[in-house]
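Visitor: Okay, handing you the structure first.
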Amino acid sequence: MKYKFLFFISLTLAMSHGQGLIRGVVLDKITREPLAFANLTFKNLNQQTISDIDGKFTFFEDTKSQTIICSYVGYQTTEYKIDKKIGSNFTIELEALQNYLEEVVIKGAINPADEIISKVIANKKYNNPESLKSFAYSSYNKVIYDYRSLKEDKKDSVNLRKKLKESHFFMMESVTERKFIRPDLNEEVVIATKVSGFKNPSFTTIATDFQPFSFYNDNIKFFNINYLNPIAKGSLTKYKFRIEETLNSTSDTTYVISFKPKKNKNFDGLQGLLYINTKKHAVQYVIASPSEKGRIDIKIQQKYALIEDGFWFPEQLNFVVRFNDFPNKANPMIIDGKTYISDVKLNTIRDDARLSFQTVRIDENAASKDSTFWKKHRIGELNKIDGNTYRVMDSIGEKKNFDSYLTIIEKLLQRKYPLKYLDVNLSKTLLYNKYEGLRLGMGISTNEKISKKVILGGFIGYGINDEKYKYGSDITYLVSKKHDLKIGLHYQNNLIETGRYNVDQYNTSLFNLRDFMGFRYDKIDQLGLSTHFRSLNYLLWDVKFETTKTSPKYNYIFDDGNQSISSYTNSSLTVNLKFAYREHFINSFNQNISTGCEYPVLHVSFSKGLKDFYQSNFNYNKIELAVEHSLFMKNFGVTKYRAEAGYIDRPLPYGLLFTGEGSYDKNMIFVVNNTFQTMMPYEFLSDKYVNLFLTHNFGGLLFKKNKFQPNIILHQNLGFGTLTNQTFHKLIDFKTKDKIFVESGLQLDNLIKLNYFNLADIGFGTAVFYRYSYYGYESFHDNASFKCTLSISIK
């Protein structure tokens with residue numbers, strides 16, 4: 001036994017003497033960015049590995065000195081001699097080649113890369129994680145904001161690091177748990193979050209904020225731009241593919257295939273590398289970025305791993321966002337994000353499981369996790385700079401009270417500005433219309449520092465032109481935050497524009513251009529009771545009872561033969577609904593923020609007039625409907641439509657009918673969406689109407705010339721309406737559109753671009769609309785409306 005033990009010890013020592021673990025990282029020599037998925041082999045030996053998504057690699061070598069050959073697409077192949085102590089960490093620096101993706105013309109033969117990509121496309125539905133019945137996983141996310149010097153000597157980077165006291169500019173970490181049910185039910189709960197400089201952060205960042213969860217969607221969306229996926233159906237006619245390397249192992253083969261848009265193909269495309277594994281012809285690794293560089297660039301890296309049943313599932317998602325010119329070209333700001341996925345479970349969630357309508361939400365205790373929790377869930381340890389970031393930024397955050405600025409952002413998103421115990425309601429503070437001119441005043445309400453359940457509010461304003469005060473007050477009780485349930489009581493002595501639509505009430509923009517041109521108003525004295533709540537996740541309800549005394553501020557008499565009145569009282573019960581099937585919400589900044597809806601959004605409003613209730617003059621039924629949707633079509637652009645209709649079953653005064661859908665005003669130079677651009681406000685009057693607003697945005701698909709890439713948008717608007725008992729309306733001019741009102745428009749955005757703080761370009765454009773058919777005028781000038789457009793672009 002003694003000799004066997006000595007033999008074992010000698011063998012172990014001999015093995016440890018001849019074999020050791022080599023660790024290293026592959027970096028870009030200039031930018032110092034890690035190079036994911038680089039190919040490394042020992043010279044003259046049959047040993048090979050690939051650097052991971054962070055550029056790191058490990059080797060077991062069996063001699064004291066060997067030479068590593070490192071190759072990477074687009075970089076010079078480098079030989080690196082290992083002559084240091086075994087166990088050391090090595091850095092391999094690669095130099096980028098210029099124009100490495102030069103065209104390769106293959107005549108009379110099928111491109112082998114195209115054959116491989118064809119198989120990948122054919123197997124997409126089997127390899128796409130979101131084609132699974134369901135899945136669940138946990139993730140650790142880390143996002144760093146920093147400056148990065150592009151100079152080879154890195155002096156600027158060193159100086160910046162000293163100014164930042166050896167810390168990053170900003171850093172965030174989070175731990176999330178996600179559930180997914182096919183086709184698109186999502187719930188991702190942030191169970192822990194840590195943000196440098198903030199004690200109670202109400203926001204976080206995860207990988208899917210900047211990139212898709214997997215690389216199998218037909219379109220890859222970065223910053224609201226849809227890029228054609230190189231493995232989408234039909235991509236072979238758009239992209240140039242080339243096999244760069246073939247990596248063999250004992251069980252499979254991985255093809256490294258480069259891709260970029262073909263010449264003279266005008267579309268929003270990507271460039272990068274696909275690592276295709278012959279097992280199921282699935283994506284094993286991917287590196288992709290937009291082929292056209294702009295003010296802001298993004299590069300994504302995704303790594304997939306084989307899990308149960310041989311399914312390839314995302315294991316790590318990285319992204320790098322570079323602000324190329326901010327703060328300057330030599331030292332751009334970088335957002336570097338990494339997501340590590342673990343505890344993956346496939347097809348374990350029941351079909352009838354109820355997920356929250358919030359796609360992403362932050363747990364109430366997410367910001368209070370201790371160091372033990374982070375030590376357990378954090379992937380890797382924080383390095384010195386990471387630790388300094390928390391220490392330095394937390395100190396600065398406490399001194400400068402960063403959390404107070406966060407509160408301001410939260411309130412601004414609600415169109416409010418916080419004071420100590422009160423919030424200023426910005427939508428009721430400064431107003432402008434043609435009747436009042438500028439309204440000076442203020443709206444205020446109590447905030448959560450007084451009560452999280454009860455909110456008291458009020459407003460007062462004075463019109464410069466009409467020289468009249470307007471005022472009101474309200475009280476709201478929050479019953480359930482989970483169901484968005486609240487009830488309220490309100491009173492106002494105010495002005496309201498005549499003939500506006502109830503289905504517009506969910507327009508939450510602070511500045512509605514259509515409001516600026518209003519000049520026909522009714523004075524109202526109104527008392528109302530309301531409730532607001534959400535049901536079935538996607539159905540939003542607003543129910544209100546109001547009794548309103550109305551006095552037109554224009555010459556008008558309503559005479560139906562039984563009564564001849566100018567002022568009147570209207571008591572009504574109104575139900576407003578918004579149904580947005582599977583609308584995505586992110587619970588951030590202490591509120592639900594919509595990220596859009598892939599399905600048509602339906603708005604319904606029903607009002608019932610209650611005659612004799614509180615001396616009400618009218619009994620009627622009023623119904624309004626609106627459907628709006630945005631459709632992205634591959635290689636064709638985005639089509640948007642809004643169809644709306646209204647119906648009233650009894651004769652009513654002017655102020656309760658439908659008018660005001662026009663937005664032609666010589667002083668309004670901007671396009672007002674979902675209105676008729678050549679129709680004057682109040683030009684037509686209806687008690688039954690149907691309108692259709694249709695636009696198609698080609699983006700830059702039709703024309704690109706270097707940096708000159710105007711967005712081309714076509715408009716087609718149609719309207720029809722009738723009015724019964726036209727003679728009931730006295731002393732006021734109006735038309736009826738009982739024939740079809742038609743206008744068409746051409747809009748050109750981004751004709752001129754101006755740099756906006758090196759972050760984006762503000763684009764100035766123009767649009768012309770023309771009315772014709774039954775309601776066209778004889779003169780071209782009278783039919784045409786010329787307007788301006790403003791837009792923001794990053795490319």
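Naming works like this for the structure tokens: A, B, ... for the chains as they're shown, residue 1 at the start of each chain, ligands 1 onward in shown order.
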Residues within 10 Å of Asp297 (chain A), please, as number ranges by chain. Count only C-alpha atoms; anything in the same chain fewer than 3 positions from it doesn't count.

Guide: A: 222-223, 289-294, 320-324, 334, 794-795

Visitor: Assign secondary structure with DSSP using the backbone only, and return the residues of region 340-391 of chain A in strand (DSSP E or B) as a list of chain:residue names.

Guide: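 In region 340-391 of chain A, DSSP puts these residues in strand (DSSP E or B): A:Tyr340, A:Ile341, A:Ser342, A:Asp343, A:Val344, A:Lys345, A:Leu346, A:Gln358, A:Thr359, A:Val360, A:Arg361, A:Ile362.
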
Visitor: The selected residues should be written to file as a PDB file, in the first residue's frame (atoms: C-alpha atoms).

Guide:
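File written: out_2.pdb
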```
ATOM      1  CA  TYR A 340     -26.325  35.608 -17.503  1.00  0.00           C
ATOM      2  CA  ILE A 341     -29.228  33.121 -17.721  1.00  0.00           C
ATOM      3  CA  SER A 342     -29.589  30.173 -15.344  1.00  0.00           C
ATOM      4  CA  ASP A 343     -32.127  27.744 -13.838  1.00  0.00           C
ATOM      5  CA  VAL A 344     -33.839  27.243 -17.203  1.00  0.00           C
ATOM      6  CA  LYS A 345     -37.052  25.193 -17.124  1.00  0.00           C
ATOM      7  CA  LEU A 346     -38.876  24.230 -20.321  1.00  0.00           C
ATOM      8  CA  GLN A 358     -46.891  44.122 -16.503  1.00  0.00           C
ATOM      9  CA  THR A 359     -44.226  42.621 -18.767  1.00  0.00           C
ATOM     10  CA  VAL A 360     -41.521  43.816 -16.370  1.00  0.00           C
ATOM     11  CA  ARG A 361     -42.148  44.864 -12.782  1.00  0.00           C
ATOM     12  CA  ILE A 362     -39.940  45.642  -9.813  1.00  0.00           C
TER      13      ILE A 362
END
```

Visitor: Would you tabulate, counting only C-alpha atoms, all residues of region 484-509 of chain A that have an atom at most 10 Å from an atom of region 522-527 of chain A, showing the closest pair of atoms and their distance in Å to one decimal, sorted by chain then ascending number, as JSON lines?

Guide:
```
{"residue": "A:Leu489", "atom": "CA", "partner": "A:Leu527", "partner_atom": "CA", "distance": 7.8}
{"residue": "A:His490", "atom": "CA", "partner": "A:Leu527", "partner_atom": "CA", "distance": 5.9}
{"residue": "A:Tyr491", "atom": "CA", "partner": "A:Leu527", "partner_atom": "CA", "distance": 4.5}
{"residue": "A:Gln492", "atom": "CA", "partner": "A:Gln526", "partner_atom": "CA", "distance": 5.4}
{"residue": "A:Asn493", "atom": "CA", "partner": "A:Asp525", "partner_atom": "CA", "distance": 4.6}
{"residue": "A:Asn494", "atom": "CA", "partner": "A:Ile524", "partner_atom": "CA", "distance": 5.5}
{"residue": "A:Leu495", "atom": "CA", "partner": "A:Lys523", "partner_atom": "CA", "distance": 4.6}
{"residue": "A:Ile496", "atom": "CA", "partner": "A:Asp522", "partner_atom": "CA", "distance": 5.4}
{"residue": "A:Glu497", "atom": "CA", "partner": "A:Asp522", "partner_atom": "CA", "distance": 6.2}
{"residue": "A:Thr498", "atom": "CA", "partner": "A:Asp522", "partner_atom": "CA", "distance": 6.1}
{"residue": "A:Gly499", "atom": "CA", "partner": "A:Asp522", "partner_atom": "CA", "distance": 9.7}
```

Visitor: Show me, as a count of residues only, the residues that have an atom within 8 Å of Gln709 (chain A) when counting only C-alpha atoms, minus same-chain residues fewer than 3 positions from it.

Guide: 7

Visitor: Could you check the closest approach to Ser607 (chain A) for each of A:Arg500, A:His281, A:Lys622, A:Lys634 and tell me which residue wins, using only C-alpha atoms?

Guide: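 Closest candidate: A:Lys622.
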
Visitor: Excluding region 733-742 of chain A and any residue of its chain fewer than 6 positions from it, enumerate the residues within 10 Å of it, using only C-alpha atoms, and give them as a ChimeraX atom specification.

Guide: /A:556,659,676,678-679,682-692,716-724,726,770-776

Visitor: Which one of A:Ile648, A:Met172, A:Val120, A:Leu21 sits closest to Leu382 (chain A) if you count only C-alpha atoms?

Guide: A:Met172

Visitor: If we count only C-alpha atoms and set the cut-off at 8 Å, which residues sit around Ser167 (chain A), ignoring sequence neighbours fewer than 4 positions away in its own chain? Please answer as a PyMOL selection string.

Guide: chain A and resi 161+385-389+392

Visitor: Counting only C-alpha atoms, which of A:Phe545, A:Asn725, A:Asp649, A:Ser567 gets nearest to Leu610 (chain A)?

Guide: A:Phe545

Visitor: Quick one: residues within 10 Å of Asn621 (chain A), only C-alpha atoms, excluding same-chain residues fewer than 2 positions away - as a PyMOL selection string?

Guide: chain A and resi 572-574+606-610+618-619+623+647-650

Visitor: Which residues are close to region 597-603 of chain A, i.e. within 7 Å by only C-alpha atoms, leaving aside same-chain residues fewer than 4 positions away? Reply as a list in words.

Guide: Val503, Leu577, Lys578, Phe579, Ala580, Tyr581, Arg582, Glu583, His584, Leu625, Ala626, Val627, Glu628 and His629 of chain A

Visitor: Keeping only N, CA and C atoms, write the selected residues as an mmCIF file, in the first residue's frame.

Guide:
```cif
data_model
loop_
_atom_site.group_PDB
_atom_site.id
_atom_site.type_symbol
_atom_site.label_atom_id
_atom_site.label_comp_id
_atom_site.auth_asym_id
_atom_site.auth_seq_id
_atom_site.Cartn_x
_atom_site.Cartn_y
_atom_site.Cartn_z
ATOM 1 N N VAL A 503 -63.469 59.510 -27.507
ATOM 2 C CA VAL A 503 -62.473 58.463 -27.741
ATOM 3 C C VAL A 503 -61.054 59.022 -27.764
ATOM 4 N N LEU A 577 -64.053 52.789 -22.682
ATOM 5 C CA LEU A 577 -63.258 51.571 -22.620
ATOM 6 C C LEU A 577 -62.066 51.675 -23.562
ATOM 7 N N LYS A 578 -60.962 51.101 -23.125
ATOM 8 C CA LYS A 578 -59.805 50.915 -24.002
ATOM 9 C C LYS A 578 -59.368 49.463 -23.889
ATOM 10 N N PHE A 579 -59.406 48.747 -25.013
ATOM 11 C CA PHE A 579 -59.004 47.345 -25.019
ATOM 12 C C PHE A 579 -57.769 47.200 -25.900
ATOM 13 N N ALA A 580 -56.645 46.912 -25.268
ATOM 14 C CA ALA A 580 -55.375 46.731 -25.982
ATOM 15 C C ALA A 580 -54.876 45.330 -25.668
ATOM 16 N N TYR A 581 -55.179 44.389 -26.547
ATOM 17 C CA TYR A 581 -54.879 42.983 -26.287
ATOM 18 C C TYR A 581 -53.369 42.767 -26.204
ATOM 19 N N ARG A 582 -52.952 42.271 -25.057
ATOM 20 C CA ARG A 582 -51.547 41.977 -24.791
ATOM 21 C C ARG A 582 -50.647 43.196 -24.982
ATOM 22 N N GLU A 583 -51.153 44.344 -24.536
ATOM 23 C CA GLU A 583 -50.304 45.530 -24.499
ATOM 24 C C GLU A 583 -49.206 45.309 -23.469
ATOM 25 N N HIS A 584 -47.996 45.673 -23.806
ATOM 26 C CA HIS A 584 -46.853 45.443 -22.929
ATOM 27 C C HIS A 584 -46.618 46.665 -22.047
ATOM 28 N N LEU A 625 -66.634 54.900 -31.549
ATOM 29 C CA LEU A 625 -65.688 53.786 -31.683
ATOM 30 C C LEU A 625 -64.433 54.276 -32.391
ATOM 31 N N ALA A 626 -63.300 53.713 -32.027
ATOM 32 C CA ALA A 626 -62.053 53.987 -32.743
ATOM 33 C C ALA A 626 -61.167 52.752 -32.663
ATOM 34 N N VAL A 627 -60.549 52.414 -33.778
ATOM 35 C CA VAL A 627 -59.591 51.307 -33.844
ATOM 36 C C VAL A 627 -58.316 51.844 -34.469
ATOM 37 N N GLU A 628 -57.178 51.579 -33.827
ATOM 38 C CA GLU A 628 -55.902 52.016 -34.382
ATOM 39 C C GLU A 628 -54.875 50.904 -34.266
ATOM 40 N N HIS A 629 -53.981 50.873 -35.238
ATOM 41 C CA HIS A 629 -53.017 49.779 -35.297
ATOM 42 C C HIS A 629 -51.808 50.243 -36.101
#
```

Visitor: So the first atom is CA of Asp114 (chain A) and the second is CA of Lys260 (chain A); what is the distance between them in Å, to one decimal place?

Guide: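 Separation between CA of Asp114 (chain A) and CA of Lys260 (chain A): 12.8 Å.
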
Visitor: As an exercise, work out the distance from CA of Asn433 (chain A) to CA of Lys468 (chain A) in Å and give it to one decimal place.

Guide: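 CA of Lys468 (chain A) lies at a distance of 13.8 Å from CA of Asn433 (chain A).
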
Visitor: What is the distance, in Å and to one decimal place, between CA of Gln47 (chain A) and CA of Leu247 (chain A)?

Guide: 11.4 Å

Visitor: Mind checking DSSP for region 513-703 of chain A and telling me the helix (DSSP H, G or I) residues as a list in words?

Guide: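 Written out, the helix (DSSP H, G or I) residues of region 513-703 of chain A are Leu513, Arg514, Asp515, Phe516, Phe613, Tyr614, Gln615, Tyr654, Gly655 and Leu656 of chain A.
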